[in-house]
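So this block is target23.cif, mmCIF, C-alpha atoms:
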```cif
data_run
loop_
_atom_site.label_atom_id
_atom_site.label_comp_id
_atom_site.auth_asym_id
_atom_site.auth_seq_id
_atom_site.Cartn_x
_atom_site.Cartn_y
_atom_site.Cartn_z
CA MET A 1 -63.46 -81.59 -160.17
CA THR A 2 -64.75 -79.46 -157.29
CA LEU A 3 -68.29 -78.97 -156.02
CA LEU A 4 -68.15 -75.41 -157.36
CA THR A 5 -67.43 -76.85 -160.81
CA VAL A 6 -70.34 -79.26 -160.46
CA VAL A 7 -72.70 -76.50 -159.33
CA GLY A 8 -71.57 -74.33 -162.22
CA ARG A 9 -72.31 -77.11 -164.65
CA ILE A 10 -75.75 -77.64 -163.07
CA VAL A 11 -76.64 -73.99 -163.55
CA ASN A 12 -75.66 -74.20 -167.21
CA VAL A 13 -77.52 -77.44 -167.78
CA ALA A 14 -80.55 -76.66 -165.88
CA ALA A 15 -74.66 -98.51 -142.90
CA TRP A 16 -72.29 -98.91 -145.91
CA GLY A 17 -69.44 -100.95 -144.60
CA LYS A 18 -65.90 -99.64 -144.18
CA ASP A 19 -65.32 -99.33 -147.94
CA GLY A 20 -68.66 -97.64 -148.57
CA HIS A 21 -68.20 -94.99 -145.91
CA GLU A 22 -64.69 -94.20 -147.05
CA ILE A 23 -65.85 -93.92 -150.66
CA VAL A 24 -68.64 -91.49 -149.75
CA ALA A 25 -66.17 -89.43 -147.71
CA ASN A 26 -63.54 -89.39 -150.46
CA ILE A 27 -66.05 -88.41 -153.15
CA ALA A 28 -67.17 -85.54 -150.92
CA TYR A 29 -63.63 -84.43 -150.09
CA ASN A 30 -62.64 -84.31 -153.75
CA LEU A 31 -65.54 -81.93 -154.41
CA LEU A 32 -64.74 -79.48 -151.62
CA SER A 33 -63.25 -76.02 -151.96
CA GLU A 34 -59.83 -75.50 -150.39
CA ALA A 35 -61.37 -73.28 -147.71
CA THR A 36 -63.81 -76.01 -146.65
CA LYS A 37 -61.11 -78.68 -146.71
CA GLU A 38 -59.02 -76.56 -144.36
CA ALA A 39 -61.93 -75.79 -142.02
CA ALA A 40 -62.94 -79.44 -141.75
CA TYR A 41 -59.34 -80.54 -141.26
CA ASN A 42 -58.77 -78.11 -138.42
CA ILE A 43 -61.75 -79.55 -136.54
CA LEU A 44 -61.05 -83.20 -137.30
CA PHE A 45 -57.29 -83.09 -136.77
CA PRO A 46 -56.51 -80.22 -134.37
CA ASP A 47 -53.12 -81.84 -133.62
CA ASP A 48 -52.30 -82.07 -137.36
CA ASN A 49 -51.89 -85.84 -137.05
CA PHE A 50 -53.68 -87.05 -140.20
CA ASN A 51 -51.87 -90.03 -141.74
CA ALA A 52 -52.04 -89.62 -145.51
CA THR A 53 -50.41 -93.02 -146.08
CA GLU A 54 -53.41 -94.83 -144.54
CA HIS A 55 -56.32 -92.83 -145.98
CA GLN A 56 -57.06 -90.95 -149.17
CA SER A 57 -58.58 -88.02 -147.31
CA PRO A 58 -59.11 -86.62 -143.81
CA LEU A 59 -62.84 -87.28 -144.14
CA ALA A 60 -62.22 -90.95 -144.95
CA ALA A 61 -59.92 -91.25 -141.93
CA VAL A 62 -62.85 -90.57 -139.60
CA ALA A 63 -65.71 -91.93 -141.74
CA ASN A 64 -65.99 -95.20 -139.78
CA TRP A 65 -65.40 -93.78 -136.30
CA ALA A 66 -69.14 -93.73 -135.50
CA ASP A 67 -69.42 -97.45 -136.20
CA LYS A 68 -66.44 -98.23 -133.98
CA VAL A 69 -67.69 -96.32 -130.93
CA ARG A 70 -71.35 -97.29 -130.88
CA PHE A 71 -70.54 -100.59 -129.19
CA THR A 72 -68.90 -98.75 -126.31
CA LYS A 73 -70.73 -97.76 -123.13
CA THR A 74 -70.25 -94.05 -123.80
CA PHE A 75 -71.84 -94.11 -127.25
CA ALA A 76 -74.28 -97.03 -127.05
CA TRP A 77 -77.09 -94.46 -127.19
CA THR A 78 -76.10 -93.60 -130.78
CA THR A 79 -77.01 -96.98 -132.31
CA PRO A 80 -80.54 -95.92 -133.45
CA LEU A 81 -79.02 -92.85 -135.13
CA HIS A 82 -77.56 -94.97 -137.93
CA TYR A 83 -80.86 -95.96 -139.52
CA VAL A 84 -84.57 -95.26 -139.93
CA ASP A 85 -86.95 -98.07 -139.04
CA VAL A 86 -90.13 -97.53 -141.03
CA LYS A 87 -92.96 -98.88 -138.87
CA ASP A 88 -94.35 -101.16 -141.57
CA LYS A 89 -96.49 -103.18 -139.16
CA LEU A 90 -98.53 -100.02 -138.56
CA ILE A 91 -99.23 -99.66 -142.30
CA GLN A 92 -102.20 -101.54 -143.70
CA GLY A 93 -100.86 -104.32 -145.89
CA GLY A 94 -97.30 -103.77 -144.68
CA CYS A 95 -94.58 -102.69 -147.07
CA PRO A 96 -94.08 -105.36 -149.74
CA VAL A 97 -91.77 -104.89 -152.70
CA ILE A 98 -92.99 -102.61 -155.46
CA PRO A 99 -92.41 -102.82 -159.22
CA PRO A 100 -89.41 -100.96 -160.62
CA PRO A 101 -90.06 -97.76 -162.55
CA GLU A 102 -89.57 -97.50 -166.26
CA LYS A 103 -86.09 -96.34 -167.15
CA ASN A 104 -86.34 -92.86 -168.58
CA ASN A 105 -82.70 -92.08 -169.23
CA SER A 106 -79.38 -93.80 -169.91
CA ASP A 107 -77.50 -92.17 -167.03
CA ASN A 108 -75.95 -94.96 -164.95
CA LEU A 109 -76.15 -92.76 -161.86
CA GLY A 110 -79.80 -91.94 -162.46
CA GLY A 111 -82.74 -93.12 -160.42
CA SER A 112 -86.07 -91.36 -160.68
CA PHE A 113 -89.11 -93.17 -159.34
CA ASP A 114 -92.45 -93.66 -161.03
CA SER A 115 -93.90 -96.48 -158.91
CA GLU A 116 -96.64 -95.75 -156.40
CA SER A 117 -96.63 -97.15 -152.87
CA ASN A 118 -98.47 -96.45 -149.63
CA CYS A 119 -95.21 -96.94 -147.76
CA THR A 120 -93.40 -93.71 -147.01
CA VAL A 121 -91.17 -92.31 -144.29
CA VAL A 122 -93.25 -90.49 -141.66
CA TYR A 123 -90.94 -88.61 -139.34
CA ASN A 124 -93.12 -88.42 -136.24
CA ARG A 125 -93.94 -92.13 -136.50
CA ASP A 126 -90.54 -93.50 -137.53
CA CYS A 127 -88.20 -91.21 -135.58
CA SER A 128 -89.37 -91.20 -131.98
CA ASN A 129 -87.75 -88.34 -130.04
CA ASP A 130 -85.69 -87.52 -133.16
CA HIS A 131 -83.56 -90.62 -132.53
CA CYS A 132 -83.01 -91.88 -136.05
CA ALA A 133 -80.64 -91.07 -138.92
CA ILE A 134 -82.82 -88.16 -140.09
CA GLY A 135 -82.84 -86.42 -136.70
CA ALA A 136 -79.16 -87.20 -136.21
CA ILE A 137 -78.12 -85.53 -139.47
CA PHE A 138 -80.23 -82.47 -138.73
CA ASP A 139 -78.91 -82.07 -135.20
CA PHE A 140 -75.27 -82.98 -135.82
CA TYR A 141 -75.18 -80.62 -138.79
CA HIS A 142 -76.38 -77.71 -136.68
CA ILE A 143 -74.15 -78.62 -133.74
CA SER A 144 -71.20 -78.77 -136.14
CA LYS A 145 -72.07 -75.48 -137.80
CA TYR A 146 -73.05 -73.59 -134.65
CA PRO A 147 -71.08 -75.30 -131.83
CA HIS A 148 -71.40 -72.37 -129.44
CA ASP A 149 -74.77 -70.97 -130.53
CA SER A 150 -77.54 -71.89 -128.11
CA GLU A 151 -80.15 -70.23 -130.34
CA HIS A 152 -79.58 -72.88 -133.03
CA ASN A 153 -78.97 -75.81 -130.72
CA GLU A 154 -81.31 -75.40 -127.78
CA ASN A 155 -83.87 -77.78 -129.30
CA ASN A 156 -81.39 -80.41 -130.44
CA SER A 157 -81.98 -83.71 -128.66
CA LEU A 158 -78.82 -85.51 -129.78
CA ARG A 159 -76.19 -83.70 -127.73
CA GLY A 160 -75.90 -86.75 -125.52
CA SER A 161 -77.52 -89.93 -124.33
CA ILE A 162 -80.66 -89.66 -122.22
CA ASN A 163 -80.95 -91.58 -118.94
CA HIS A 164 -84.16 -92.87 -117.36
CA HIS A 165 -84.74 -89.49 -115.72
CA GLY A 166 -84.63 -87.68 -119.05
CA GLU A 167 -81.26 -86.11 -118.27
CA SER A 168 -78.39 -85.80 -120.72
CA THR A 169 -75.44 -87.96 -119.69
CA TYR A 170 -72.95 -87.01 -122.39
CA ASN A 171 -72.40 -83.94 -124.57
CA VAL A 172 -70.79 -84.59 -127.93
CA THR A 173 -67.83 -82.40 -128.82
CA HIS A 174 -67.58 -80.27 -131.95
CA ARG A 175 -65.22 -82.83 -133.49
CA GLU A 176 -67.44 -85.77 -132.57
CA SER A 177 -70.55 -84.15 -134.02
CA LEU A 178 -68.74 -83.61 -137.34
CA MET A 179 -67.54 -87.22 -137.40
CA PHE A 180 -71.07 -88.44 -136.71
CA LEU A 181 -72.40 -86.25 -139.51
CA ILE A 182 -69.87 -87.58 -142.05
CA HIS A 183 -70.80 -91.14 -141.19
CA ILE A 184 -74.59 -90.85 -140.91
CA ILE A 185 -74.99 -88.99 -144.20
CA GLY A 186 -73.39 -92.08 -145.68
CA ASP A 187 -75.72 -94.36 -143.71
CA ILE A 188 -78.92 -92.71 -144.83
CA HIS A 189 -78.00 -93.32 -148.48
CA GLN A 190 -77.76 -97.09 -147.97
CA PRO A 191 -81.25 -98.34 -148.88
CA LEU A 192 -81.48 -100.88 -146.08
CA HIS A 193 -80.64 -98.21 -143.51
CA VAL A 194 -84.09 -96.78 -144.28
CA SER A 195 -86.18 -99.90 -144.33
CA ARG A 196 -88.74 -102.13 -142.68
CA GLU A 197 -88.72 -102.40 -138.92
CA THR A 198 -90.20 -105.91 -139.00
CA ASP A 199 -87.05 -107.43 -140.53
CA ARG A 200 -84.63 -104.94 -138.94
CA GLY A 201 -83.48 -103.59 -142.27
CA GLY A 202 -82.92 -107.03 -143.79
CA ASN A 203 -80.84 -108.26 -140.83
CA THR A 204 -83.26 -111.15 -140.19
CA ILE A 205 -83.33 -112.24 -143.85
CA HIS A 206 -80.44 -114.69 -144.14
CA VAL A 207 -79.22 -115.31 -147.67
CA SER A 208 -76.39 -116.83 -149.63
CA PHE A 209 -74.46 -114.60 -152.01
CA PRO A 210 -71.80 -115.29 -154.67
CA GLU A 211 -68.97 -113.79 -152.61
CA ASP A 212 -66.90 -115.28 -149.81
CA PHE A 213 -68.35 -114.42 -146.43
CA VAL A 214 -66.34 -112.21 -144.11
CA GLY A 215 -67.18 -112.03 -140.42
CA PHE A 216 -69.29 -109.11 -139.23
CA ARG A 217 -71.31 -108.06 -136.22
CA ASP A 218 -75.03 -107.45 -136.08
CA GLU A 219 -75.24 -103.69 -136.36
CA ARG A 220 -78.10 -103.38 -133.89
CA PHE A 221 -76.81 -105.58 -131.05
CA GLY A 222 -73.17 -106.31 -131.84
CA HIS A 223 -73.25 -110.11 -131.83
CA PRO A 224 -71.36 -112.00 -134.57
CA HIS A 225 -72.99 -113.49 -137.66
CA ARG A 226 -71.89 -116.65 -139.43
CA GLY A 227 -73.16 -115.85 -142.90
CA TRP A 228 -74.61 -113.17 -145.13
CA ASN A 229 -77.92 -111.51 -144.46
CA LEU A 230 -79.64 -109.12 -146.83
CA HIS A 231 -78.46 -106.06 -144.89
CA SER A 232 -74.80 -107.06 -144.96
CA VAL A 233 -75.04 -107.82 -148.68
CA TRP A 234 -75.90 -104.17 -149.23
CA ASP A 235 -73.49 -102.86 -146.60
CA VAL A 236 -70.52 -104.90 -147.73
CA ALA A 237 -70.89 -107.72 -150.26
CA ILE A 238 -72.01 -105.88 -153.41
CA ILE A 239 -69.22 -103.31 -153.03
CA GLN A 240 -66.66 -105.94 -152.09
CA ARG A 241 -67.52 -108.16 -155.06
CA SER A 242 -67.47 -105.25 -157.50
CA ILE A 243 -64.06 -104.08 -156.27
CA ARG A 244 -62.65 -107.59 -156.64
CA LEU A 245 -64.18 -108.49 -160.01
CA PHE A 246 -64.11 -105.22 -161.92
CA HIS A 247 -61.47 -103.04 -160.27
CA ASN A 248 -58.51 -105.34 -159.58
CA SER A 249 -59.31 -105.36 -155.84
CA SER A 250 -58.74 -101.59 -155.67
CA GLN A 251 -61.16 -99.49 -153.65
CA PHE A 252 -59.61 -96.40 -155.22
CA ALA A 253 -60.31 -97.67 -158.75
CA PHE A 254 -63.94 -98.42 -157.83
CA GLN A 255 -64.35 -94.96 -156.31
CA SER A 256 -62.67 -93.31 -159.31
CA SER A 257 -65.09 -95.02 -161.69
CA ILE A 258 -68.00 -93.46 -159.79
CA GLU A 259 -66.32 -90.04 -159.84
CA ASP A 260 -65.74 -90.37 -163.60
CA GLU A 261 -69.47 -90.95 -164.10
CA LEU A 262 -70.22 -87.89 -161.99
CA LEU A 263 -68.53 -85.77 -164.66
CA THR A 264 -71.35 -86.54 -167.08
CA SER A 265 -74.22 -87.36 -164.71
CA THR A 266 -77.42 -85.43 -165.32
CA ASN A 267 -78.80 -86.23 -161.87
CA ILE A 268 -76.63 -84.06 -159.66
CA ALA A 269 -79.09 -81.17 -159.82
CA SER A 270 -81.83 -83.37 -158.35
CA TRP A 271 -79.49 -84.60 -155.60
CA LEU A 272 -78.80 -81.01 -154.60
CA SER A 273 -82.43 -79.95 -154.59
CA CYS A 274 -85.01 -80.37 -151.85
CA PRO A 275 -88.60 -80.53 -153.11
CA ARG A 276 -90.04 -79.41 -149.77
CA GLY A 277 -87.25 -77.36 -148.24
CA SER A 278 -83.88 -75.72 -148.60
CA PHE A 279 -80.42 -77.26 -148.80
CA LYS A 280 -78.93 -73.99 -147.61
CA ASP A 281 -79.05 -75.01 -143.97
CA VAL A 282 -79.87 -78.73 -144.44
CA SER A 283 -83.52 -78.57 -143.50
CA LEU A 284 -85.33 -81.50 -141.90
CA SER A 285 -87.61 -81.87 -144.93
CA CYS A 286 -84.54 -82.10 -147.14
CA ILE A 287 -83.11 -84.98 -145.10
CA ILE A 288 -86.49 -86.74 -145.09
CA HIS A 289 -86.36 -86.58 -148.88
CA TRP A 290 -83.00 -88.40 -148.85
CA ALA A 291 -84.50 -91.06 -146.58
CA GLU A 292 -87.52 -91.50 -148.84
CA GLU A 293 -85.21 -92.11 -151.79
CA SER A 294 -83.43 -94.88 -149.89
CA PHE A 295 -86.69 -96.48 -148.78
CA ARG A 296 -87.95 -96.54 -152.35
CA ASP A 297 -84.72 -98.19 -153.45
CA ALA A 298 -85.10 -100.72 -150.64
CA LEU A 299 -88.62 -101.70 -151.74
CA ILE A 300 -87.83 -101.68 -155.46
CA HIS A 301 -84.33 -103.16 -155.52
CA ALA A 302 -83.03 -104.48 -152.18
CA TYR A 303 -85.97 -106.55 -150.95
CA ALA A 304 -86.87 -107.85 -154.43
CA ASN A 305 -84.96 -110.42 -156.45
CA GLU A 306 -84.30 -109.98 -160.16
CA HIS A 307 -87.77 -111.38 -160.90
CA GLY A 308 -89.43 -108.68 -158.81
CA THR A 309 -90.58 -111.01 -156.05
CA GLU A 310 -89.91 -110.75 -152.33
CA ILE A 311 -86.58 -112.18 -151.14
CA VAL A 312 -87.28 -114.74 -148.42
CA ASN A 313 -85.16 -116.06 -145.58
CA GLY A 314 -82.70 -118.65 -146.88
CA GLU A 315 -82.84 -117.46 -150.49
CA LYS A 316 -79.83 -117.77 -152.78
CA LEU A 317 -79.03 -114.42 -154.36
CA THR A 318 -77.76 -114.73 -157.90
CA GLU A 319 -75.12 -113.11 -160.04
CA VAL A 320 -77.94 -111.33 -161.88
CA TYR A 321 -79.11 -109.80 -158.58
CA PHE A 322 -75.59 -108.59 -157.88
CA ARG A 323 -75.04 -107.03 -161.30
CA THR A 324 -78.45 -105.36 -161.50
CA ARG A 325 -78.19 -103.94 -157.97
CA LEU A 326 -74.64 -102.68 -158.40
CA ASP A 327 -75.83 -99.59 -160.31
CA VAL A 328 -78.13 -98.73 -157.39
CA VAL A 329 -75.25 -99.02 -154.92
CA ARG A 330 -73.03 -96.84 -157.11
CA ARG A 331 -75.78 -94.23 -157.43
CA ARG A 332 -76.37 -94.06 -153.69
CA LEU A 333 -72.64 -93.77 -152.96
CA ALA A 334 -72.41 -90.93 -155.46
CA ALA A 335 -75.45 -89.12 -154.09
CA GLY A 336 -74.17 -89.47 -150.55
CA GLY A 337 -70.80 -88.03 -151.50
CA VAL A 338 -72.27 -85.09 -153.39
CA ARG A 339 -74.69 -84.25 -150.58
CA LEU A 340 -72.03 -84.56 -147.89
CA ALA A 341 -69.86 -82.16 -149.88
CA MET A 342 -72.68 -79.65 -150.21
CA ALA A 343 -73.50 -79.92 -146.51
CA LEU A 344 -69.88 -79.17 -145.60
CA GLU A 345 -69.70 -76.29 -148.07
CA ASN A 346 -72.88 -74.83 -146.60
CA MET A 347 -71.37 -75.24 -143.16
CA PHE A 348 -67.94 -73.73 -143.76
CA SER A 349 -67.91 -71.76 -147.03
CA PRO A 350 -71.48 -70.81 -148.05
CA SER A 351 -70.33 -67.65 -149.81
CA SER A 352 -68.38 -69.69 -152.34
CA LEU A 353 -71.48 -71.34 -153.82
CA GLY A 354 -74.39 -70.24 -155.94
CA LEU A 355 -76.76 -72.00 -153.55
CA GLY A 356 -79.87 -70.43 -154.97
CA ALA A 357 -79.29 -72.37 -158.15
CA THR A 358 -79.11 -75.69 -156.34
CA THR A 359 -82.20 -75.53 -154.16
CA ALA A 360 -85.82 -75.76 -155.04
CA SER A 361 -87.69 -72.52 -155.28
#
```
Just give me the structure as structure tokens.
Amino acid sequence: MTLLTVVGRIVNVAAWGKDGHEIVANIAYNLLSEATKEAAYNILFPDDNFNATEHQSPLAAVANWADKVRFTKTFAWTTPLHYVDVKDKLIQGGCPVIPPPEKNNSDNLGGSFDSESNCTVVYNRDCSNDHCAIGAIFDFYHISKYPHDSEHNENNSLRGSINHHGESTYNVTHRESLMFLIHIIGDIHQPLHVSRETDRGGNTIHVSFPEDFVGFRDERFGHPHRGWNLHSVWDVAIIQRSIRLFHNSSQFAFQSSIEDELLTSTNIASWLSCPRGSFKDVSLSCIIHWAEESFRDALIHAYANEHGTEIVNGEKLTEVYFRTRLDVVRRRLAAGGVRLAMALENMFSPSSLGLGATTAS
């Protein structure tokens, strides 16, 4: 199945962890045209040194690079680019959990929202100086597409870290910008990467979960944790448990099951549309829409237990929570993969797609 096949069918019909980022990247790669695969490969592996025995795709091989380098001195400035902190303390009443919407279809990869909430992503409030996942995707996309075009990039603020004098101290390369883009498109589809600032995306909500704990570092500051928190459950534990229980410990089998559902999903058209903008050049309003989806999922599914009440520090998450949230995780992985594929097609091979049919009028 290629993205062109998916788009054709649409016209006729109308900070994941390591595993999550690789799955998003592989789903995207398997949807790309050969021309886009070649263009991306030439940027990512100019020395033709991709190791196919270690990774399913060239995109997956670099999908976790951005997480590895952000704890280095050179790239420490990129840490805020992996998430969107919604300033919930500035919103009257905060951002408590909201009731789930009524299910209106049987598509396992569906996810329309009917619930009302005062809590929304506000770019100017939640992305100071463009330094959040939304601004990062917008800027890294345009740097990747127009690496030598000052007309498109003169206003981009993410070409390098900013020192106390407001001066850029590092300029990302063409290859680095593409690797950041691959990773952060995955990040923005993880619900707790667009979440409440007061609990740092669930990082301060410590929980127990029915899966053996594996060591991890706090994604904001890099220090080690000794047990699960709500954020790491969504980054790692739900995927890890699903792979072990239902897919014979095979990441590939888990990924393939999502790709199989994509063949019959009726929601791809909505993933490739932007209610307030165009996907053709990955507009800022389009990316904000992706972020709003994740924030809604955070308030409806991540922060709430299976009874619909707020998860509190020290709570024991149940098997029911895991199984009912797994569909949300699968949907967000699928949406991230499809949108990453479309972004890369728009970047490298726009003439191969009927883009007018996949964007809102």
Could you list, as a list in words, every residue matched by the PyMOL selection byres ((chain A and resi 179) around 10) in this structure?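 What the PyMOL selection byres ((chain A and resi 179) around 10) grabs from the file is Ile43, Leu44, Leu59, Ala60, Ala61, Val62, Ala63, Asn64, Trp65, Ala66, Phe140, Ser144, Thr173, His174, Arg175, Glu176, Ser177, Leu178, Phe180, Leu181, Ile182, His183 and Ile184 of chain A.
Interatomic distance, CA of Ile137 in chain A against CA of Ile185 in chain A: 6.6 Å.
What separates CA of Cys119 in chain A from CA of His301 in chain A is a distance of 14.7 Å.
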Go through the shown structure with the PyMOL selection byres ((chain A and resi 199) around 12) and write out the matching residues as a ChimeraX atom specification. /A:85-89,94-96,192-198,200-206,220,229-231,303,311-313
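Across A:Phe213, A:Asp235, A:His289, A:Val97, the tightest approach to Asn118 in chain A is made by A:Val97 when counting only C-alpha atoms.
Atom to atom, CA of Ala341 in chain A and CA of Ile243 in chain A stand 23.6 Å apart.
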Find the residues near Ser257 in chain A: any atom within 12 Å, counting all atoms listed in the file, skip ones fewer than 6 places away on the same chain, and give them as a list in words.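 Answer for this query is Ile23, Ile27, Asn108, Leu109, Ser242, Ile243, Phe246, His247, Ser250, Gln251, Leu263, Thr264, Asp327, Arg330, Arg331, Leu333 and Ala334 of chain A.
Residue nearest Glu293 in chain A, chosen from A:Cys127, A:Val328, A:Leu317, A:Ala136 and counting only C-alpha atoms: A:Val328.
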Rank A:Ser349, A:Thr266, A:Thr318, A:Thr74 by their smallest atom-to-atom distance to Ala40 in chain A, using only C-alpha atoms, and report the top residue only. A:Ser349
Name the residues that the PyMOL selection byres ((chain A and resi 236) around 10) picks from the file above, as a count of residues only, using the file's chain letters and numbers. 20
Please define a box with edges along x, y and z of the file around all atoms of range 14-29 of chain A given in the file, extend it by 4 Å on each side, and return its centre and edge lengths in Å to one decimal, as AutoDock Vina command-line options.
```
--center_x -72.0 --center_y -88.8 --center_z -154.4 --size_x 25.0 --size_y 32.3 --size_z 31.0
```
Please, which residues are within 8 Å of (-80.2, -95.3, -151.6) by the file's coordinates, counting all atoms listed in the file, and could they come as a JSON list (two decimals) with C-alpha atoms, in the frame of the given file?
```json
[["chain", "number", "residue", "atom", "x", "y", "z"],
["A", 188, "ILE", "CA", -78.92, -92.71, -144.83],
["A", 189, "HIS", "CA", -78.00, -93.32, -148.48],
["A", 190, "GLN", "CA", -77.76, -97.09, -147.97],
["A", 191, "PRO", "CA", -81.25, -98.34, -148.88],
["A", 192, "LEU", "CA", -81.48, -100.88, -146.08],
["A", 290, "TRP", "CA", -83.00, -88.40, -148.85],
["A", 291, "ALA", "CA", -84.50, -91.06, -146.58],
["A", 293, "GLU", "CA", -85.21, -92.11, -151.79],
["A", 294, "SER", "CA", -83.43, -94.88, -149.89],
["A", 295, "PHE", "CA", -86.69, -96.48, -148.78],
["A", 296, "ARG", "CA", -87.95, -96.54, -152.35],
["A", 297, "ASP", "CA", -84.72, -98.19, -153.45],
["A", 298, "ALA", "CA", -85.10, -100.72, -150.64],
["A", 328, "VAL", "CA", -78.13, -98.73, -157.39],
["A", 329, "VAL", "CA", -75.25, -99.02, -154.92],
["A", 331, "ARG", "CA", -75.78, -94.23, -157.43],
["A", 332, "ARG", "CA", -76.37, -94.06, -153.69],
["A", 333, "LEU", "CA", -72.64, -93.77, -152.96]]
```
Polymer residues at most 9 Å from Gln56 in chain A, all atoms listed in the file, same-chain spacing of 6 or more positions, as a list in words: Glu22, Asn26 and Phe252 of chain A
Any idea what's packed within 6 Å of Ala133 in chain A, counting only C-alpha atoms, ignoring anything in its chain fewer than 2 positions away? Could you give it as a ChimeraX atom specification? /A:81-84,135-136
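Between Ala76 in chain A and the residues A:Arg244, A:Gly314, A:Gly186, A:Tyr170, the shortest atom-to-atom distance, using only C-alpha atoms, involves A:Tyr170.
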